[in-house]
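Colleague: Coordinates in target_14.txt, compact mmCIF, C-alpha atoms, are listed below.
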# COMPACT_ATOMS: atom_id res chain seq x y z
CA MET A 1 24.75 34.53 -16.80
CA THR A 2 27.06 32.32 -14.76
CA VAL A 3 26.23 28.64 -14.67
CA VAL A 4 27.31 27.09 -11.40
CA THR A 5 28.11 23.40 -11.59
CA THR A 6 28.95 20.79 -9.00
CA ARG A 7 32.51 19.79 -8.21
CA GLY A 8 32.83 16.56 -10.09
CA PRO A 9 30.10 14.97 -12.18
CA VAL A 10 26.90 13.81 -10.50
CA PRO A 11 26.05 10.24 -11.58
CA ARG A 12 22.85 10.11 -13.61
CA TRP A 13 21.32 7.57 -11.22
CA ALA A 14 21.96 9.88 -8.25
CA GLU A 15 20.21 12.76 -10.04
CA TRP A 16 17.21 10.53 -10.76
CA ALA A 17 17.16 9.13 -7.23
CA ALA A 18 17.22 12.64 -5.73
CA GLN A 19 14.29 13.70 -7.94
CA ALA A 20 12.45 10.47 -7.13
CA THR A 21 12.42 11.31 -3.41
CA ILE A 22 10.22 14.34 -4.16
CA TRP A 23 7.79 12.19 -6.14
CA CYS A 24 7.76 9.51 -3.41
CA ALA A 25 6.39 11.98 -0.87
CA LEU A 26 3.80 13.44 -3.24
CA PRO A 27 0.93 10.86 -3.45
CA SER A 28 0.56 10.63 0.34
CA GLY A 29 0.53 14.44 0.56
CA ILE A 30 -2.19 14.67 -2.06
CA TRP A 31 -4.18 11.92 -0.32
CA ARG A 32 -3.90 13.76 3.03
CA ILE A 33 -5.12 17.04 1.52
CA LEU A 34 -8.06 15.30 -0.19
CA PHE A 35 -8.87 13.57 3.11
CA ALA A 36 -8.89 16.96 4.86
CA LEU A 37 -11.13 18.33 2.09
CA ARG A 38 -13.67 15.71 3.23
CA LEU A 39 -13.41 13.37 0.27
CA PRO A 40 -14.55 9.90 1.35
CA ALA A 41 -11.21 8.35 2.36
CA GLY A 42 -12.71 5.57 4.47
CA PHE A 43 -12.23 6.83 8.02
CA THR A 44 -15.42 6.53 10.05
CA GLY A 45 -16.66 6.70 13.64
CA SER A 46 -14.26 8.48 15.96
CA LEU A 47 -11.80 8.86 13.04
CA ASP A 48 -14.36 10.59 10.81
CA PRO A 49 -12.80 13.87 9.59
CA HIS A 50 -16.24 15.52 9.87
CA ARG A 51 -15.75 15.40 13.65
CA ILE A 52 -12.65 17.59 13.38
CA ASP A 53 -12.69 21.33 12.70
CA PHE A 54 -12.32 21.74 8.91
CA SER A 55 -9.84 24.62 8.85
CA SER A 56 -7.66 23.14 11.63
CA LEU A 57 -7.43 19.78 9.87
CA LEU A 58 -6.77 21.35 6.46
CA GLY A 59 -4.12 23.66 7.92
CA TYR A 60 -2.46 20.76 9.71
CA VAL A 61 -2.31 18.44 6.67
CA CYS A 62 -1.16 21.27 4.37
CA ALA A 63 1.65 22.12 6.82
CA LEU A 64 2.57 18.43 7.11
CA THR A 65 2.62 18.02 3.33
CA LEU A 66 4.68 21.18 2.87
CA LEU A 67 7.14 19.96 5.51
CA SER A 68 7.52 16.50 3.94
CA GLU A 69 7.97 17.99 0.44
CA THR A 70 10.53 20.48 1.76
CA LEU A 71 12.47 17.68 3.46
CA ALA A 72 12.29 15.64 0.25
CA PHE A 73 13.49 18.65 -1.76
CA LEU A 74 16.57 18.95 0.48
CA SER A 75 17.90 15.74 -1.09
CA MET A 76 18.35 17.79 -4.29
CA GLY A 77 21.11 19.64 -2.44
CA LEU A 78 23.13 16.44 -2.59
CA VAL A 79 23.23 16.65 -6.39
CA ARG A 80 23.25 20.46 -6.82
CA PRO A 81 25.88 23.17 -6.26
CA TRP A 82 23.91 24.55 -3.27
CA GLY A 83 24.89 21.36 -1.44
CA GLU A 84 28.55 22.35 -1.75
CA VAL A 85 28.53 26.13 -1.34
CA TRP A 86 25.90 27.94 0.77
CA PRO A 87 23.60 29.93 -1.54
CA ARG A 88 23.48 33.75 -1.54
CA TRP A 89 20.14 34.03 0.25
CA ILE A 90 21.43 32.37 3.42
CA PRO A 91 22.71 35.09 5.77
CA PHE A 92 26.13 34.71 7.42
CA LEU A 93 26.92 31.50 5.52
CA ARG A 94 26.51 32.68 1.91
CA GLY A 95 29.40 31.76 -0.34
CA ARG A 96 31.08 29.55 2.23
CA ARG A 97 31.92 25.94 1.52
CA VAL A 98 29.48 23.40 2.99
CA HIS A 99 31.47 20.94 5.07
CA PRO A 100 30.71 17.47 3.65
CA LEU A 101 29.81 16.08 7.07
CA ALA A 102 27.27 18.90 7.57
CA ALA A 103 25.29 17.32 4.73
CA ILE A 104 26.25 13.65 5.08
CA ILE A 105 25.39 13.23 8.78
CA PRO A 106 21.85 14.75 8.67
CA ALA A 107 21.10 13.01 5.37
CA ALA A 108 22.27 9.62 6.67
CA LEU A 109 20.33 10.02 9.92
CA GLY A 110 17.29 11.14 7.92
CA ALA A 111 17.56 8.09 5.65
CA VAL A 112 17.67 5.71 8.63
CA ALA A 113 14.76 7.52 10.33
CA LEU A 114 12.66 7.40 7.15
CA MET A 115 13.32 3.69 6.66
CA VAL A 116 12.35 2.90 10.26
CA ILE A 117 9.29 5.20 10.38
CA TRP A 118 7.68 4.32 7.04
CA THR A 119 8.43 0.60 7.09
CA GLN A 120 6.96 0.29 10.58
CA LEU A 121 3.95 2.48 9.88
CA LEU A 122 3.02 0.91 6.60
CA PHE A 123 3.58 -2.74 7.37
CA GLY A 124 2.40 -2.36 10.95
CA PHE A 125 -1.01 -1.13 9.75
CA ASP A 126 -3.20 -4.24 9.82
CA GLY A 127 -6.53 -2.51 9.16
CA SER A 128 -8.30 -4.54 11.84
CA ASP A 129 -9.90 -1.37 13.22
CA PRO A 130 -13.26 -1.07 11.38
CA GLU A 131 -13.04 2.72 11.60
CA THR A 132 -9.95 2.76 9.33
CA PRO A 133 -10.26 2.41 5.52
CA GLN A 134 -11.37 -1.01 4.32
CA GLY A 135 -11.52 -2.70 0.91
CA ALA A 136 -10.84 -0.46 -2.09
CA LYS A 137 -10.28 2.61 0.09
CA ARG A 138 -7.56 0.72 1.96
CA VAL A 139 -5.91 -0.16 -1.36
CA ILE A 140 -5.94 3.54 -2.34
CA LEU A 141 -4.41 4.47 1.02
CA TYR A 142 -1.67 1.85 0.57
CA LEU A 143 -0.92 2.88 -3.02
CA CYS A 144 -0.48 6.48 -1.87
CA TYR A 145 1.73 5.61 1.11
CA VAL A 146 3.81 2.73 -0.33
CA PRO A 147 6.15 5.09 -2.27
CA LEU A 148 7.26 6.53 1.08
CA VAL A 149 9.01 3.23 1.82
CA ALA A 150 11.42 4.00 -1.05
CA TRP A 151 12.25 7.49 0.28
CA GLY A 152 14.76 6.26 2.90
CA PRO A 153 16.75 3.90 0.63
CA LEU A 154 16.78 6.51 -2.17
CA LEU A 155 18.09 9.18 0.21
CA ALA A 156 20.71 6.74 1.50
CA ALA A 157 21.89 6.04 -2.06
CA VAL A 158 22.07 9.75 -2.93
CA THR A 159 23.97 10.40 0.31
CA VAL A 160 26.55 7.74 -0.59
CA ALA A 161 26.96 9.28 -4.06
CA TYR A 162 27.43 12.73 -2.47
CA ALA A 163 29.98 11.41 0.04
CA VAL A 164 32.00 9.67 -2.70
CA ARG A 165 31.90 12.76 -4.94
CA ARG A 166 32.94 15.15 -2.15
CA HIS A 167 35.71 12.75 -1.11
CA ARG A 168 37.07 12.67 -4.66
CA HIS A 169 36.52 16.27 -5.72
CA GLY A 170 36.42 18.23 -2.46
CA MET B 1 7.52 28.82 -16.59
CA THR B 2 9.78 26.26 -18.22
CA PRO B 3 8.29 23.38 -20.24
CA LYS B 4 9.77 20.92 -17.71
CA LEU B 5 7.98 22.63 -14.82
CA LYS B 6 4.74 22.71 -16.83
CA ILE B 7 4.94 18.95 -17.32
CA LYS B 8 5.65 18.39 -13.62
CA LEU B 9 2.66 20.53 -12.59
CA LEU B 10 0.52 18.66 -15.09
CA VAL B 11 1.60 15.34 -13.57
CA VAL B 12 0.74 16.64 -10.07
CA ALA B 13 -2.70 17.77 -11.30
CA LEU B 14 -3.25 14.41 -12.99
CA LEU B 15 -2.20 12.49 -9.88
CA THR B 16 -4.57 14.61 -7.78
CA ALA B 17 -7.42 13.94 -10.19
CA VAL B 18 -6.71 10.19 -10.20
CA ILE B 19 -6.63 9.92 -6.38
CA ALA B 20 -9.73 12.14 -5.97
CA GLY B 21 -11.54 10.15 -8.65
CA ALA B 22 -10.62 6.86 -6.98
CA LEU B 23 -11.85 8.07 -3.57
CA LEU B 24 -15.13 9.30 -5.04
CA ALA B 25 -15.62 6.21 -7.20
CA THR B 26 -15.28 3.89 -4.22
CA GLY B 27 -18.34 5.41 -2.59
CA SER B 28 -19.12 7.42 0.50
CA ASP B 29 -17.91 6.58 3.98
CA GLU B 30 -20.30 4.52 6.03
CA ASP B 31 -20.03 4.58 9.79
CA PRO B 32 -19.91 1.04 11.19
CA SER B 33 -19.38 2.16 14.79
CA PRO B 34 -22.07 1.39 17.42
CA SER B 35 -22.58 5.15 17.96
CA ALA B 36 -23.80 5.46 14.39
CA ALA B 37 -26.30 2.60 14.70
CA PRO B 38 -29.28 4.67 15.98
CA ALA B 39 -28.84 7.10 13.10
CA ALA B 40 -28.82 4.21 10.65
CA VAL B 41 -31.98 2.77 12.17
CA GLY B 42 -33.59 6.21 11.96
CA GLY B 43 -32.67 6.34 8.31
CA VAL B 44 -34.45 3.05 7.65
CA ARG B 45 -37.64 4.33 9.21
Before we go any further, please render this structure as structure tokens.
Modeller:
Amino acid sequence: MTVVTTRGPVPRWAEWAAQATIWCALPSGIWRILFALRLPAGFTGSLDPHRIDFSSLLGYVCALTLLSETLAFLSMGLVRPWGEVWPRWIPFLRGRRVHPLAAIIPAALGAVALMVIWTQLLFGFDGSDPETPQGAKRVILYLCYVPLVAWGPLLAAVTVAYAVRRHRHG
Amino acid sequence: MTPKLKIKLLVVALLTAVIAGALLATGSDEDPSPSAAPAAVGGVR
């Protein structure tokens, strides 16, 4: 068996940061799925999930969670060989070198977008609408969504580590 | 399945159980909207 390694050593902190992005997106995904499964998440009135078709809502939140976890998983490419050479299962590109900017530009833009989106959403949520979660349910919602604020800075840090490594080792 | 993956799946299951438990432990959703008021009154009767 051939073990493929990255060009140049990946700093330990970058490896941890890349893995942390996956875990940052997880609690909110779990919360969303439980909300769609009609667990009492605190939304009432016009926001009551019972007013929305069960299978549509569940399908939507599962797709959203899968998308966010897939995007989070892409940060692993910045610390793995498949971020340097296109893997075999990708047609037309397999085996070719990944141009550093092809990874750095989307990752950097993604990091900025994540920082703007999650900081605004989380700290802009004042909870004044009585139909949104209140009290303990609001705390649970916050605890599940707060890790998302770290996603952007973590991705930015991993992107910098990737850029430095590719600059030094090609 | 590698031991590392087993541990990760276990953590995901544990996290799910904790969040579900917290949502259930904090009680059911009550509708404070005006549209729900007649139903609430009916319930009192």
Colleague: Choose the residue, out of A:Glu131, A:Glu15, A:Glu84, A:Glu69, that has the smallest atom-to-atom separation from Val98 in chain A; count only C-alpha atoms.
Modeller: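 That would be A:Glu84, the residue with the smallest distance to Val98 in chain A.
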Colleague: Name the closest residue to chain A among the candidates B:Leu10, B:Val18, B:Met1, B:Leu24; distances are taken between atoms, counting only C-alpha atoms.
Modeller: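 Nearest to chain A: B:Leu24.
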Colleague: Mind listing as a list in words which residues of chain A are within 9 Å of chain B, counting all atoms listed in the file?
Modeller: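 Every residue meeting the condition is included here: Leu26, Pro27, Ile30, Trp31, Leu34, Leu39, Pro40, Ala41, Gly42, Phe43, Thr44, Gly45, Ser46, Asp48, Pro130, Glu131, Pro133, Ala136, Lys137, Ile140 and Cys144 of chain A.
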Colleague: Any chance you could export the current selection's C-alpha atoms as a PDB file, keeping the file's coordinate frame?
Modeller:
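File written: again26.pdb
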ATOM      1  CA  LEU A  26       3.800  13.440  -3.240  1.00  0.00           C
ATOM      2  CA  PRO A  27       0.930  10.860  -3.450  1.00  0.00           C
ATOM      3  CA  ILE A  30      -2.190  14.670  -2.060  1.00  0.00           C
ATOM      4  CA  TRP A  31      -4.180  11.920  -0.320  1.00  0.00           C
ATOM      5  CA  LEU A  34      -8.060  15.300  -0.190  1.00  0.00           C
ATOM      6  CA  LEU A  39     -13.410  13.370   0.270  1.00  0.00           C
ATOM      7  CA  PRO A  40     -14.550   9.900   1.350  1.00  0.00           C
ATOM      8  CA  ALA A  41     -11.210   8.350   2.360  1.00  0.00           C
ATOM      9  CA  GLY A  42     -12.710   5.570   4.470  1.00  0.00           C
ATOM     10  CA  PHE A  43     -12.230   6.830   8.020  1.00  0.00           C
ATOM     11  CA  THR A  44     -15.420   6.530  10.050  1.00  0.00           C
ATOM     12  CA  GLY A  45     -16.660   6.700  13.640  1.00  0.00           C
ATOM     13  CA  SER A  46     -14.260   8.480  15.960  1.00  0.00           C
ATOM     14  CA  ASP A  48     -14.360  10.590  10.810  1.00  0.00           C
ATOM     15  CA  PRO A 130     -13.260  -1.070  11.380  1.00  0.00           C
ATOM     16  CA  GLU A 131     -13.040   2.720  11.600  1.00  0.00           C
ATOM     17  CA  PRO A 133     -10.260   2.410   5.520  1.00  0.00           C
ATOM     18  CA  ALA A 136     -10.840  -0.460  -2.090  1.00  0.00           C
ATOM     19  CA  LYS A 137     -10.280   2.610   0.090  1.00  0.00           C
ATOM     20  CA  ILE A 140      -5.940   3.540  -2.340  1.00  0.00           C
ATOM     21  CA  CYS A 144      -0.480   6.480  -1.870  1.00  0.00           C
TER      22      CYS A 144
END
Colleague: Taking all atoms of range 10-22 of chain B that the file lists, what box with edges along x, y and z, padded by 4 Å per side, do you get, with centre and edge lengths in Å to one decimal, as AutoDock Vina command-line options?
Modeller:
--center_x -5.0 --center_y 12.8 --center_z -10.5 --size_x 21.1 --size_y 19.8 --size_z 17.1
Colleague: What lies within 10 Å of range 111-125 of chain A using all atoms listed in the file, ignoring chain neighbours under 4 positions off, as a list in words?
Modeller: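 Returned residues: Ile105, Pro106, Ala107, Asp129, Thr132, Leu141, Tyr142, Tyr145, Val146, Pro147, Leu148, Val149, Ala150, Trp151, Gly152, Pro153, Leu154, Leu155, Ala156, Ala157, Val158 and Thr159 of chain A.
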Colleague: What's the separation between CA of Leu143 in chain A and CA of Leu9 in chain B, in Å to one decimal place?
Modeller: 20.4 Å
Colleague: Grab the CA of Arg165 in chain A to CA of Leu109 in chain A distance for me, in Å with one decimal place.
Modeller: 19.0 Å
Colleague: What is the distance, in Å and to one decimal place, between CA of Ala108 in chain A and CA of Leu74 in chain A?
Modeller: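 CA of Leu74 in chain A lies at a distance of 12.6 Å from CA of Ala108 in chain A.
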